>>> print(open('model.pdb').read())   # PDB, C-alpha atoms, pLDDT in the B column
MODEL        1
ATOM      1  CA  MET A   4     -24.193  -6.430  27.011  1.00 65.00           C
ATOM      2  CA  ASN A   5     -27.252  -6.424  29.213  1.00 68.00           C
ATOM      3  CA  LYS A   6     -25.602  -8.589  31.826  1.00 67.00           C
ATOM      4  CA  LYS A   7     -23.947  -7.255  34.916  1.00 68.00           C
ATOM      5  CA  ALA A   8     -20.663  -5.427  34.373  1.00 66.00           C
ATOM      6  CA  GLU A   9     -18.829  -8.005  36.467  1.00 67.00           C
ATOM      7  CA  VAL A  10     -19.560 -10.770  33.977  1.00 68.00           C
ATOM      8  CA  VAL A  11     -19.429  -8.993  30.621  1.00 72.00           C
ATOM      9  CA  ARG A  12     -16.229  -8.730  28.569  1.00 73.00           C
ATOM     10  CA  VAL A  13     -16.305  -7.796  24.902  1.00 74.00           C
ATOM     11  CA  TYR A  14     -13.213  -7.971  22.721  1.00 74.00           C
ATOM     12  CA  LEU A  15     -13.342  -7.090  19.056  1.00 73.00           C
ATOM     13  CA  PRO A  16      -9.822  -7.533  17.710  1.00 67.00           C
ATOM     14  CA  PRO A  17      -8.800  -5.859  14.431  1.00 66.00           C
ATOM     15  CA  ASP A  18      -6.745  -8.723  13.046  1.00 62.00           C
ATOM     16  CA  ALA A  19      -5.686 -12.327  13.527  1.00 61.00           C
ATOM     17  CA  ASN A  20      -2.599 -11.516  15.579  1.00 60.00           C
ATOM     18  CA  CYS A  21      -4.633  -9.532  17.981  1.00 61.00           C
ATOM     19  CA  LEU A  22      -7.277 -12.261  18.101  1.00 63.00           C
ATOM     20  CA  LEU A  23      -4.593 -14.709  19.193  1.00 60.00           C
ATOM     21  CA  SER A  24      -3.419 -12.292  21.794  1.00 59.00           C
ATOM     22  CA  VAL A  25      -6.938 -11.663  23.081  1.00 59.00           C
ATOM     23  CA  ASN A  26      -7.761 -15.343  23.047  1.00 56.00           C
ATOM     24  CA  GLY A  27      -4.784 -16.138  25.205  1.00 55.00           C
ATOM     25  CA  PRO A  28      -5.751 -14.954  28.668  1.00 52.00           C
ATOM     26  CA  LEU A  29      -9.467 -15.637  28.508  1.00 49.00           C
ATOM     27  CA  PRO A  30      -9.765 -19.364  29.266  1.00 47.00           C
ATOM     28  CA  ALA A  31      -8.223 -18.676  32.637  1.00 45.00           C
ATOM     29  CA  GLN A  32     -11.399 -16.897  33.690  1.00 45.00           C
ATOM     30  CA  PRO A  33     -14.175 -19.435  33.074  1.00 45.00           C
ATOM     31  CA  PRO A  34     -17.063 -17.862  34.980  1.00 45.00           C
ATOM     32  CA  LEU A  35     -17.132 -14.731  32.841  1.00 45.00           C
ATOM     33  CA  ARG A  36     -19.529 -14.367  29.979  1.00 46.00           C
ATOM     34  CA  GLN A  37     -17.374 -13.387  27.061  1.00 46.00           C
ATOM     35  CA  ARG A  38     -17.809 -12.576  23.503  1.00 48.00           C
ATOM     36  CA  ARG A  39     -15.000 -12.516  20.995  1.00 49.00           C
ATOM     37  CA  ASP A  40     -15.994 -11.719  17.477  1.00 47.00           C
ATOM     38  CA  ARG A  41     -13.907 -12.006  14.431  1.00 47.00           C
ATOM     39  CA  GLY A  42     -14.652 -11.119  10.837  1.00 44.00           C
ATOM     40  CA  GLN A  43     -15.865 -13.763   8.429  1.00 42.00           C
ATOM     41  CA  THR A  44     -13.272 -13.052   5.797  1.00 42.00           C
ATOM     42  CA  PRO A  45      -9.554 -13.453   6.251  1.00 43.00           C
ATOM     43  CA  GLY A  46      -8.159  -9.975   6.622  1.00 44.00           C
ATOM     44  CA  PRO A  47      -4.720  -8.463   6.500  1.00 45.00           C
ATOM     45  CA  ALA A  48      -2.597  -8.132   9.601  1.00 47.00           C
ATOM     46  CA  VAL A  49      -2.720  -4.695  11.153  1.00 50.00           C
ATOM     47  CA  ALA A  50      -0.038  -5.467  13.677  1.00 45.00           C
ATOM     48  CA  GLY A  51       2.774  -7.739  12.703  1.00 43.00           C
ATOM     49  CA  ASP A  52       5.351  -8.255  15.395  1.00 42.00           C
ATOM     50  CA  GLY A  53       4.895  -9.329  18.974  1.00 45.00           C
ATOM     51  CA  ARG A  54       5.506  -5.899  20.447  1.00 46.00           C
ATOM     52  CA  ARG A  55       2.737  -4.317  18.417  1.00 47.00           C
ATOM     53  CA  ARG A  56       0.476  -7.229  19.129  1.00 46.00           C
ATOM     54  CA  GLN A  57       0.978  -6.650  22.803  1.00 45.00           C
ATOM     55  CA  ALA A  58       0.198  -2.959  22.366  1.00 46.00           C
ATOM     56  CA  LEU A  59      -2.940  -3.827  20.435  1.00 46.00           C
ATOM     57  CA  HIS A  60      -4.015  -6.284  23.011  1.00 44.00           C
ATOM     58  CA  ARG A  61      -4.047  -3.656  25.678  1.00 46.00           C
ATOM     59  CA  GLY A  62      -6.420  -1.997  23.255  1.00 48.00           C
ATOM     60  CA  ASN A  63      -8.016   1.407  23.171  1.00 51.00           C
ATOM     61  CA  ARG A  64      -4.756   3.063  22.322  1.00 54.00           C
ATOM     62  CA  HIS A  65      -3.306   5.125  19.554  1.00 55.00           C
ATOM     63  CA  LEU A  66      -2.492   3.145  16.510  1.00 60.00           C
ATOM     64  CA  ALA A  67       0.776   4.996  16.175  1.00 57.00           C
ATOM     65  CA  VAL A  68       1.540   3.664  12.734  1.00 57.00           C
ATOM     66  CA  ALA A  69      -1.554   5.395  11.301  1.00 64.00           C
ATOM     67  CA  SER A  70      -1.751   8.539  13.433  1.00 72.00           C
ATOM     68  CA  ASN A  71       0.129  11.730  12.660  1.00 71.00           C
ATOM     69  CA  ASP A  72      -0.656  13.715  15.791  1.00 72.00           C
ATOM     70  CA  GLN A  73       2.549  12.893  17.645  1.00 74.00           C
ATOM     71  CA  GLY A  74       3.281  15.665  20.084  1.00 73.00           C
ATOM     72  CA  VAL A  75       0.372  17.913  19.063  1.00 80.00           C
ATOM     73  CA  ALA A  76      -3.365  18.006  19.626  1.00 83.00           C
ATOM     74  CA  PRO A  77      -5.246  16.097  16.903  1.00 85.00           C
ATOM     75  CA  ASP A  78      -7.889  17.774  14.709  1.00 87.00           C
ATOM     76  CA  VAL A  79      -9.952  14.633  14.637  1.00 86.00           C
ATOM     77  CA  VAL A  80     -10.039  11.277  16.432  1.00 86.00           C
ATOM     78  CA  MET A  81     -10.944   8.165  14.467  1.00 86.00           C
ATOM     79  CA  PRO A  82     -11.527   5.074  16.590  1.00 85.00           C
ATOM     80  CA  ALA A  83     -12.166   1.753  14.892  1.00 83.00           C
ATOM     81  CA  VAL A  84     -13.543  -1.503  16.265  1.00 82.00           C
ATOM     82  CA  ALA A  85     -12.774  -4.945  14.744  1.00 75.00           C
ATOM     83  CA  THR A  86     -11.450  -5.966  11.335  1.00 74.00           C
ATOM     84  CA  VAL A  87     -13.375  -4.329   8.505  1.00 76.00           C
ATOM     85  CA  PRO A  88     -13.975  -0.970  10.215  1.00 79.00           C
ATOM     86  CA  THR A  89     -10.272  -0.805  11.070  1.00 79.00           C
ATOM     87  CA  LEU A  90      -9.379  -1.457   7.458  1.00 79.00           C
ATOM     88  CA  GLU A  91     -11.841   1.182   6.279  1.00 79.00           C
ATOM     89  CA  THR A  92     -10.590   3.692   8.786  1.00 82.00           C
ATOM     90  CA  LEU A  93      -7.009   3.106   7.732  1.00 82.00           C
ATOM     91  CA  ALA A  94      -8.015   3.538   4.088  1.00 81.00           C
ATOM     92  CA  ALA A  95      -9.863   6.770   4.865  1.00 83.00           C
ATOM     93  CA  VAL A  96      -6.909   8.024   6.879  1.00 84.00           C
ATOM     94  CA  SER A  97      -4.461   7.278   4.094  1.00 83.00           C
ATOM     95  CA  ILE A  98      -6.633   9.220   1.614  1.00 83.00           C
ATOM     96  CA  MET A  99      -6.979  12.166   3.965  1.00 84.00           C
ATOM     97  CA  ARG A 100      -3.327  12.222   4.860  1.00 84.00           C
ATOM     98  CA  GLY A 101      -2.494  12.192   1.177  1.00 83.00           C
ATOM     99  CA  HIS A 102      -4.826  15.066   0.275  1.00 84.00           C
ATOM    100  CA  LEU A 103      -4.904  17.097   3.471  1.00 84.00           C
ATOM    101  CA  PRO A 104      -1.400  16.698   4.879  1.00 84.00           C
ATOM    102  CA  LYS A 105      -1.858  19.439   7.481  1.00 84.00           C
ATOM    103  CA  LEU A 106      -4.664  17.565   9.178  1.00 86.00           C
ATOM    104  CA  LYS A 107      -3.657  15.861  12.410  1.00 86.00           C
ATOM    105  CA  ILE A 108      -5.478  12.566  12.716  1.00 85.00           C
ATOM    106  CA  ARG A 109      -5.443  10.228  15.676  1.00 85.00           C
ATOM    107  CA  VAL A 110      -6.460   6.642  15.029  1.00 84.00           C
ATOM    108  CA  VAL A 111      -7.554   4.761  18.120  1.00 84.00           C
ATOM    109  CA  ASN A 112      -7.739   1.015  18.056  1.00 80.00           C
ATOM    110  CA  VAL A 113     -10.595  -0.114  20.280  1.00 81.00           C
ATOM    111  CA  VAL A 114     -10.398  -3.789  21.233  1.00 78.00           C
ATOM    112  CA  ASP A 115     -11.972  -3.967  24.652  1.00 78.00           C
ATOM    113  CA  LEU A 116     -15.366  -2.252  24.356  1.00 81.00           C
ATOM    114  CA  MET A 117     -15.790  -2.140  28.096  1.00 81.00           C
ATOM    115  CA  LYS A 118     -12.947   0.324  28.425  1.00 83.00           C
ATOM    116  CA  LEU A 119     -15.328   2.916  26.989  1.00 84.00           C
ATOM    117  CA  GLN A 120     -17.505   2.712  30.071  1.00 84.00           C
ATOM    118  CA  PRO A 121     -16.684   4.803  33.137  1.00 86.00           C
ATOM    119  CA  GLN A 122     -14.465   3.182  35.727  1.00 84.00           C
ATOM    120  CA  THR A 123     -17.344   3.264  38.177  1.00 86.00           C
ATOM    121  CA  GLU A 124     -19.523   1.150  35.864  1.00 82.00           C
ATOM    122  CA  HIS A 125     -17.094  -1.502  34.744  1.00 81.00           C
ATOM    123  CA  PRO A 126     -13.834  -2.851  36.149  1.00 81.00           C
ATOM    124  CA  HIS A 127     -12.174  -2.374  32.721  1.00 80.00           C
ATOM    125  CA  GLY A 128     -13.439   1.204  32.298  1.00 82.00           C
ATOM    126  CA  LEU A 129     -10.936   3.975  31.647  1.00 84.00           C
ATOM    127  CA  SER A 130     -10.780   6.858  34.077  1.00 85.00           C
ATOM    128  CA  ASP A 131     -12.222  10.133  32.745  1.00 87.00           C
ATOM    129  CA  MET A 132      -8.716  11.548  32.600  1.00 86.00           C
ATOM    130  CA  ASP A 133      -7.442   8.686  30.453  1.00 84.00           C
ATOM    131  CA  PHE A 134     -10.530   8.793  28.270  1.00 84.00           C
ATOM    132  CA  ASP A 135     -10.180  12.538  27.651  1.00 86.00           C
ATOM    133  CA  GLY A 136      -6.508  12.023  26.944  1.00 83.00           C
ATOM    134  CA  LEU A 137      -7.301   9.459  24.288  1.00 84.00           C
ATOM    135  CA  PHE A 138     -10.493  10.850  22.740  1.00 85.00           C
ATOM    136  CA  THR A 139      -9.859  14.545  23.588  1.00 85.00           C
ATOM    137  CA  LYS A 140     -12.354  16.837  25.289  1.00 87.00           C
ATOM    138  CA  ASP A 141     -13.741  18.639  22.263  1.00 86.00           C
ATOM    139  CA  LYS A 142     -12.473  17.268  18.956  1.00 87.00           C
ATOM    140  CA  PRO A 143     -14.800  15.425  16.577  1.00 87.00           C
ATOM    141  CA  VAL A 144     -14.712  11.663  17.028  1.00 87.00           C
ATOM    142  CA  ILE A 145     -15.665   9.552  13.998  1.00 86.00           C
ATOM    143  CA  PHE A 146     -16.276   6.061  15.260  1.00 84.00           C
ATOM    144  CA  ALA A 147     -16.111   3.153  12.816  1.00 84.00           C
ATOM    145  CA  PHE A 148     -18.250   0.390  14.235  1.00 82.00           C
ATOM    146  CA  HIS A 149     -20.187  -2.229  12.278  1.00 76.00           C
ATOM    147  CA  ALA A 150     -23.088  -2.591  14.620  1.00 73.00           C
ATOM    148  CA  TYR A 151     -25.615  -0.337  16.237  1.00 74.00           C
ATOM    149  CA  PRO A 152     -24.135   3.031  17.198  1.00 77.00           C
ATOM    150  CA  TRP A 153     -26.359   3.395  20.229  1.00 79.00           C
ATOM    151  CA  LEU A 154     -24.358   0.706  21.948  1.00 82.00           C
ATOM    152  CA  ILE A 155     -21.351   3.038  21.922  1.00 83.00           C
ATOM    153  CA  HIS A 156     -23.546   5.973  22.919  1.00 83.00           C
ATOM    154  CA  ARG A 157     -24.748   3.940  25.858  1.00 82.00           C
ATOM    155  CA  LEU A 158     -21.238   3.083  26.947  1.00 84.00           C
ATOM    156  CA  THR A 159     -19.922   6.640  26.568  1.00 84.00           C
ATOM    157  CA  TYR A 160     -22.842   8.878  27.536  1.00 84.00           C
ATOM    158  CA  ARG A 161     -21.067  10.190  30.611  1.00 84.00           C
ATOM    159  CA  ARG A 162     -17.853  11.132  28.860  1.00 86.00           C
ATOM    160  CA  THR A 163     -16.834  14.764  28.348  1.00 84.00           C
ATOM    161  CA  ASN A 164     -16.916  14.879  24.557  1.00 81.00           C
ATOM    162  CA  HIS A 165     -19.643  12.322  24.042  1.00 81.00           C
ATOM    163  CA  THR A 166     -21.674  14.807  21.969  1.00 81.00           C
ATOM    164  CA  THR A 167     -18.944  14.978  19.313  1.00 79.00           C
ATOM    165  CA  PHE A 168     -19.198  11.247  18.583  1.00 81.00           C
ATOM    166  CA  THR A 169     -20.370  10.407  15.067  1.00 78.00           C
ATOM    167  CA  PHE A 170     -20.593   6.971  13.569  1.00 76.00           C
ATOM    168  CA  ALA A 171     -19.695   5.182  10.412  1.00 72.00           C
ATOM    169  CA  ALA A 172     -21.954   2.339  11.449  1.00 63.00           C
ATOM    170  CA  THR A 173     -24.930   0.177  10.654  1.00 56.00           C
ATOM    171  CA  ARG A 174     -28.236   1.820  11.352  1.00 53.00           C
ATOM    172  CA  LYS A 175     -30.551  -0.943  10.222  1.00 49.00           C
ATOM    173  CA  ARG A 176     -29.873  -4.655  10.023  1.00 47.00           C
ATOM    174  CA  ALA A 177     -26.326  -5.904  10.027  1.00 44.00           C
ATOM    175  CA  HIS A 178     -26.743  -7.517   6.656  1.00 45.00           C
ATOM    176  CA  TYR A 179     -24.485  -7.344   3.659  1.00 48.00           C
ATOM    177  CA  HIS A 180     -26.905  -5.547   1.340  1.00 46.00           C
ATOM    178  CA  THR A 181     -28.067  -3.218   4.051  1.00 43.00           C
ATOM    179  CA  LEU A 182     -24.517  -2.423   4.995  1.00 46.00           C
ATOM    180  CA  ARG A 183     -23.921  -1.529   1.416  1.00 50.00           C
ATOM    181  CA  HIS A 184     -26.820   0.902   1.372  1.00 47.00           C
ATOM    182  CA  ASP A 185     -26.069   2.320   4.781  1.00 47.00           C
ATOM    183  CA  GLY A 186     -22.631   3.133   3.562  1.00 50.00           C
ATOM    184  CA  ALA A 187     -21.019   1.160   6.358  1.00 50.00           C
ATOM    185  CA  GLU A 188     -19.642  -1.518   4.100  1.00 48.00           C
ATOM    186  CA  ARG A 189     -17.825  -1.402   0.847  1.00 51.00           C
ATOM    187  CA  PRO A 190     -19.491  -3.896  -1.505  1.00 48.00           C
ATOM    188  CA  ARG A 191     -17.303  -6.897  -2.092  1.00 50.00           C
ATOM    189  CA  PRO A 192     -19.274  -9.374  -4.253  1.00 50.00           C
ATOM    190  CA  LEU A 193     -17.957 -12.870  -4.760  1.00 51.00           C
ATOM    191  CA  PRO A 194     -16.507 -13.663  -8.157  1.00 53.00           C
ATOM    192  CA  ILE A 195     -18.827 -15.612 -10.418  1.00 52.00           C
ATOM    193  CA  SER A 196     -17.234 -18.891 -11.437  1.00 45.00           C
TER     194      SER A 196
ATOM    195  CA  MET B   2     -16.555  12.222   3.847  1.00 79.00           C
ATOM    196  CA  ASP B   3     -18.269  12.436   7.223  1.00 77.00           C
ATOM    197  CA  THR B   4     -14.919  13.350   8.678  1.00 79.00           C
ATOM    198  CA  ILE B   5     -14.434  16.214   6.228  1.00 82.00           C
ATOM    199  CA  ASP B   6     -17.959  17.445   7.027  1.00 81.00           C
ATOM    200  CA  ARG B   7     -16.931  17.756  10.629  1.00 81.00           C
ATOM    201  CA  LEU B   8     -13.713  19.578   9.913  1.00 83.00           C
ATOM    202  CA  PRO B   9     -14.577  23.024   8.524  1.00 83.00           C
ATOM    203  CA  GLN B  10     -10.884  23.963   8.654  1.00 83.00           C
ATOM    204  CA  THR B  11     -10.251  21.722   5.642  1.00 81.00           C
ATOM    205  CA  GLY B  12     -12.031  24.432   3.587  1.00 82.00           C
ATOM    206  CA  ASP B  13     -12.012  24.345  -0.187  1.00 85.00           C
ATOM    207  CA  LYS B  14      -9.492  21.534  -0.264  1.00 85.00           C
ATOM    208  CA  GLY B  15     -11.845  19.390   1.823  1.00 85.00           C
ATOM    209  CA  ILE B  16     -14.824  20.168  -0.404  1.00 86.00           C
ATOM    210  CA  TYR B  17     -12.793  19.312  -3.475  1.00 85.00           C
ATOM    211  CA  LEU B  18     -11.608  16.024  -1.962  1.00 87.00           C
ATOM    212  CA  LYS B  19     -15.182  15.143  -1.019  1.00 86.00           C
ATOM    213  CA  GLN B  20     -16.350  15.724  -4.570  1.00 88.00           C
ATOM    214  CA  GLN B  21     -13.535  13.538  -5.883  1.00 86.00           C
ATOM    215  CA  LEU B  22     -14.457  10.755  -3.459  1.00 86.00           C
ATOM    216  CA  LYS B  23     -18.140  10.944  -4.391  1.00 85.00           C
ATOM    217  CA  ASP B  24     -17.274  10.639  -8.065  1.00 86.00           C
ATOM    218  CA  LYS B  25     -14.995   7.723  -7.281  1.00 84.00           C
ATOM    219  CA  LEU B  26     -17.744   5.925  -5.332  1.00 82.00           C
ATOM    220  CA  ILE B  27     -20.236   6.289  -8.185  1.00 83.00           C
ATOM    221  CA  GLU B  28     -17.644   5.102 -10.670  1.00 82.00           C
ATOM    222  CA  HIS B  29     -16.809   2.114  -8.462  1.00 80.00           C
ATOM    223  CA  LYS B  30     -20.458   1.185  -7.995  1.00 78.00           C
ATOM    224  CA  GLN B  31     -21.012   1.197 -11.749  1.00 80.00           C
ATOM    225  CA  TYR B  32     -17.915  -0.944 -12.184  1.00 78.00           C
ATOM    226  CA  ILE B  33     -19.172  -3.482  -9.626  1.00 76.00           C
ATOM    227  CA  ASP B  34     -22.641  -3.642 -11.169  1.00 75.00           C
ATOM    228  CA  LYS B  35     -21.016  -4.447 -14.480  1.00 77.00           C
ATOM    229  CA  ILE B  36     -18.059  -6.658 -13.538  1.00 72.00           C
ATOM    230  CA  ARG B  37     -19.461  -8.089 -10.227  1.00 68.00           C
ATOM    231  CA  ARG B  38     -16.157  -7.440  -8.534  1.00 67.00           C
ATOM    232  CA  GLY B  39     -14.494  -4.458  -6.897  1.00 66.00           C
ATOM    233  CA  TYR B  40     -11.407  -2.756  -8.257  1.00 70.00           C
ATOM    234  CA  ALA B  41      -8.326  -4.892  -7.696  1.00 66.00           C
ATOM    235  CA  GLY B  42      -6.610  -1.913  -6.085  1.00 68.00           C
ATOM    236  CA  ILE B  43      -9.397  -1.713  -3.520  1.00 70.00           C
ATOM    237  CA  ARG B  44      -9.765  -5.443  -2.883  1.00 68.00           C
ATOM    238  CA  ASN B  45      -6.057  -5.879  -2.278  1.00 67.00           C
ATOM    239  CA  TRP B  46      -5.487  -2.571  -0.575  1.00 71.00           C
ATOM    240  CA  LYS B  47      -2.629  -2.451   1.915  1.00 70.00           C
ATOM    241  CA  TRP B  48      -1.538   0.167   4.352  1.00 69.00           C
ATOM    242  CA  SER B  49       1.590   2.057   3.394  1.00 68.00           C
ATOM    243  CA  ASN B  50       2.976   4.870   5.448  1.00 62.00           C
ATOM    244  CA  PRO B  51       2.107   8.262   3.921  1.00 58.00           C
ATOM    245  CA  LYS B  52       5.042  10.587   3.562  1.00 50.00           C
TER     246      LYS B  52
ENDMDL
END
>>> encode(input="model.pdb", output="structure tokens")
Amino acid sequence: MNKKAEVVRVYLPPDANCLLSVNGPLPAQPPLRQRRDRGQTPGPAVAGDGRRRQALHRGNRHLAVASNDQGVAPDVVMPAVATVPTLETLAAVSIMRGHLPKLKIRVVNVVDLMKLQPQTEHPHGLSDMDFDGLFTKDKPVIFAFHAYPWLIHRLTYRRTNHTTFTFAATRKRAHYHTLRHDGAERPRPLPIS
Amino acid sequence: MDTIDRLPQTGDKGIYLKQQLKDKLIEHKQYIDKIRRGYAGIRNWKWSNPK
């Protein structure tokens, strides 16, 4: 992330289908320094069919299946990056939609981290107009990200509603037990055989 | 719960939901400490479209 914008590409796909889709085009660009992370545990598929996979691959879009803000302004935006945070966000959204049905929630699936940066900083960056359209100008944004939140702060500090960003993220070491205590990870101990 | 904190418009309903979730978390933690495994409903959770 400290390399020049021209050589850095970061893709954090939410599921295996999307990983396949992200993996596809990359080998064609050998000089770039790329990082593609996937979870360590097999997870469920967020997007099943090819059409959705394509939509996910473009990344940083509404996850229409989980959002209920179609046609109206959302009350809250909940972006998620990579497998486990996406799963947790979806679980949180399903609870909230069950208990607070009037709440309009927009789930944004962030795959390409570099889209968060301004267009002027990175070739993948979204324009301010697109960014505001996706993350709104003033609504609270609860970002699920299992790494250090300041990375996202750094990428988004110039955006209009950057001050409304809050994180469900790791604040210390990205370690299982720490995650558990930071509240970023649901404990999932292995069965004792 | 962080989300509810940031949405004052959820009002009493939000506060009530938060309390329920807190209770659930404590209950789940106790269960894990005892059984060494999360609730099956949580481990195998799947998305289903809310009505």
>>> axis_aligned_box(input="model.pdb", around="range 14-26 of chain B", padding_each_side="8 Å", output="lines of an AutoDock Vina configuration file")
center_x = -13.8
center_y = 13.7
center_z = -3.1
size_x = 24.6
size_y = 31.6
size_z = 25.9
>>> atom_distance(input="model.pdb", atom1="CA of Arg12 in chain A", atom2="CA of His127 in chain A")
8.6 Å
>>> atom_distance(input="model.pdb", atom1="CA of His102 in chain A", atom2="CA of Met2 in chain B")
12.6 Å
>>> closest_residue(input="model.pdb", among="A:Pro121, A:Pro88, A:Pro126, A:Pro104", to="Arg157 in chain A", atoms="all atoms listed in the file")
A:Pro121
>>> residues_around(input="model.pdb", residues="Asp131 in chain A", least_positions_apart="4", cutoff="10 Å", atoms="only C-alpha atoms", output="ChimeraX atom specification")
/A:119-122,135-137,161-163
>>> decode(input="model.pdb", residues="range 110-130 of chain A", atoms="N, CA and C atoms", output="short mmCIF file (atom, residue, chain, number, x, y, z; two decimals), in the first residue's frame")
data_model
loop_
_atom_site.label_atom_id
_atom_site.label_comp_id
_atom_site.auth_asym_id
_atom_site.auth_seq_id
_atom_site.Cartn_x
_atom_site.Cartn_y
_atom_site.Cartn_z
N VAL A 110 -26.09 -1.92 1.55
CA VAL A 110 -24.87 -2.71 1.71
C VAL A 110 -24.00 -2.50 0.47
N VAL A 111 -22.76 -2.13 0.71
CA VAL A 111 -21.85 -1.92 -0.41
C VAL A 111 -20.75 -2.96 -0.33
N ASN A 112 -20.55 -3.63 -1.45
CA ASN A 112 -19.55 -4.68 -1.50
C ASN A 112 -18.26 -4.08 -2.06
N VAL A 113 -17.25 -3.96 -1.22
CA VAL A 113 -16.01 -3.34 -1.65
C VAL A 113 -15.01 -4.45 -2.00
N VAL A 114 -14.62 -4.53 -3.25
CA VAL A 114 -13.65 -5.54 -3.67
C VAL A 114 -12.31 -4.88 -3.97
N ASP A 115 -12.37 -3.84 -4.75
CA ASP A 115 -11.15 -3.15 -5.16
C ASP A 115 -10.94 -1.95 -4.22
N LEU A 116 -10.01 -2.12 -3.27
CA LEU A 116 -9.81 -1.07 -2.26
C LEU A 116 -9.41 0.26 -2.88
N MET A 117 -8.72 0.17 -4.00
CA MET A 117 -8.19 1.40 -4.60
C MET A 117 -9.28 2.30 -5.17
N LYS A 118 -10.47 1.74 -5.32
CA LYS A 118 -11.57 2.60 -5.79
C LYS A 118 -11.96 3.62 -4.74
N LEU A 119 -11.55 3.40 -3.49
CA LEU A 119 -11.88 4.34 -2.43
C LEU A 119 -11.07 5.63 -2.55
N GLN A 120 -9.91 5.51 -3.17
CA GLN A 120 -9.06 6.69 -3.31
C GLN A 120 -9.63 7.63 -4.37
N PRO A 121 -9.29 8.93 -4.26
CA PRO A 121 -9.75 9.85 -5.30
C PRO A 121 -9.14 9.49 -6.66
N GLN A 122 -9.88 9.83 -7.67
CA GLN A 122 -9.46 9.58 -9.05
C GLN A 122 -8.07 10.15 -9.33
N THR A 123 -7.78 11.27 -8.70
CA THR A 123 -6.52 11.96 -8.95
C THR A 123 -5.34 11.21 -8.35
N GLU A 124 -5.63 10.32 -7.36
CA GLU A 124 -4.56 9.62 -6.66
C GLU A 124 -4.28 8.25 -7.25
N HIS A 125 -5.33 7.64 -7.78
CA HIS A 125 -5.18 6.27 -8.27
C HIS A 125 -6.02 6.07 -9.52
N PRO A 126 -5.47 5.36 -10.50
CA PRO A 126 -6.24 5.18 -11.74
C PRO A 126 -7.58 4.46 -11.52
N HIS A 127 -7.70 3.66 -10.46
CA HIS A 127 -8.98 2.97 -10.20
C HIS A 127 -9.96 3.83 -9.42
N GLY A 128 -9.49 4.93 -8.84
CA GLY A 128 -10.30 5.74 -7.93
C GLY A 128 -11.63 6.18 -8.52
N LEU A 129 -12.67 6.18 -7.67
CA LEU A 129 -13.97 6.67 -8.11
C LEU A 129 -13.94 8.19 -8.12
N SER A 130 -14.74 8.78 -9.00
CA SER A 130 -14.88 10.23 -8.97
C SER A 130 -15.66 10.60 -7.71
#
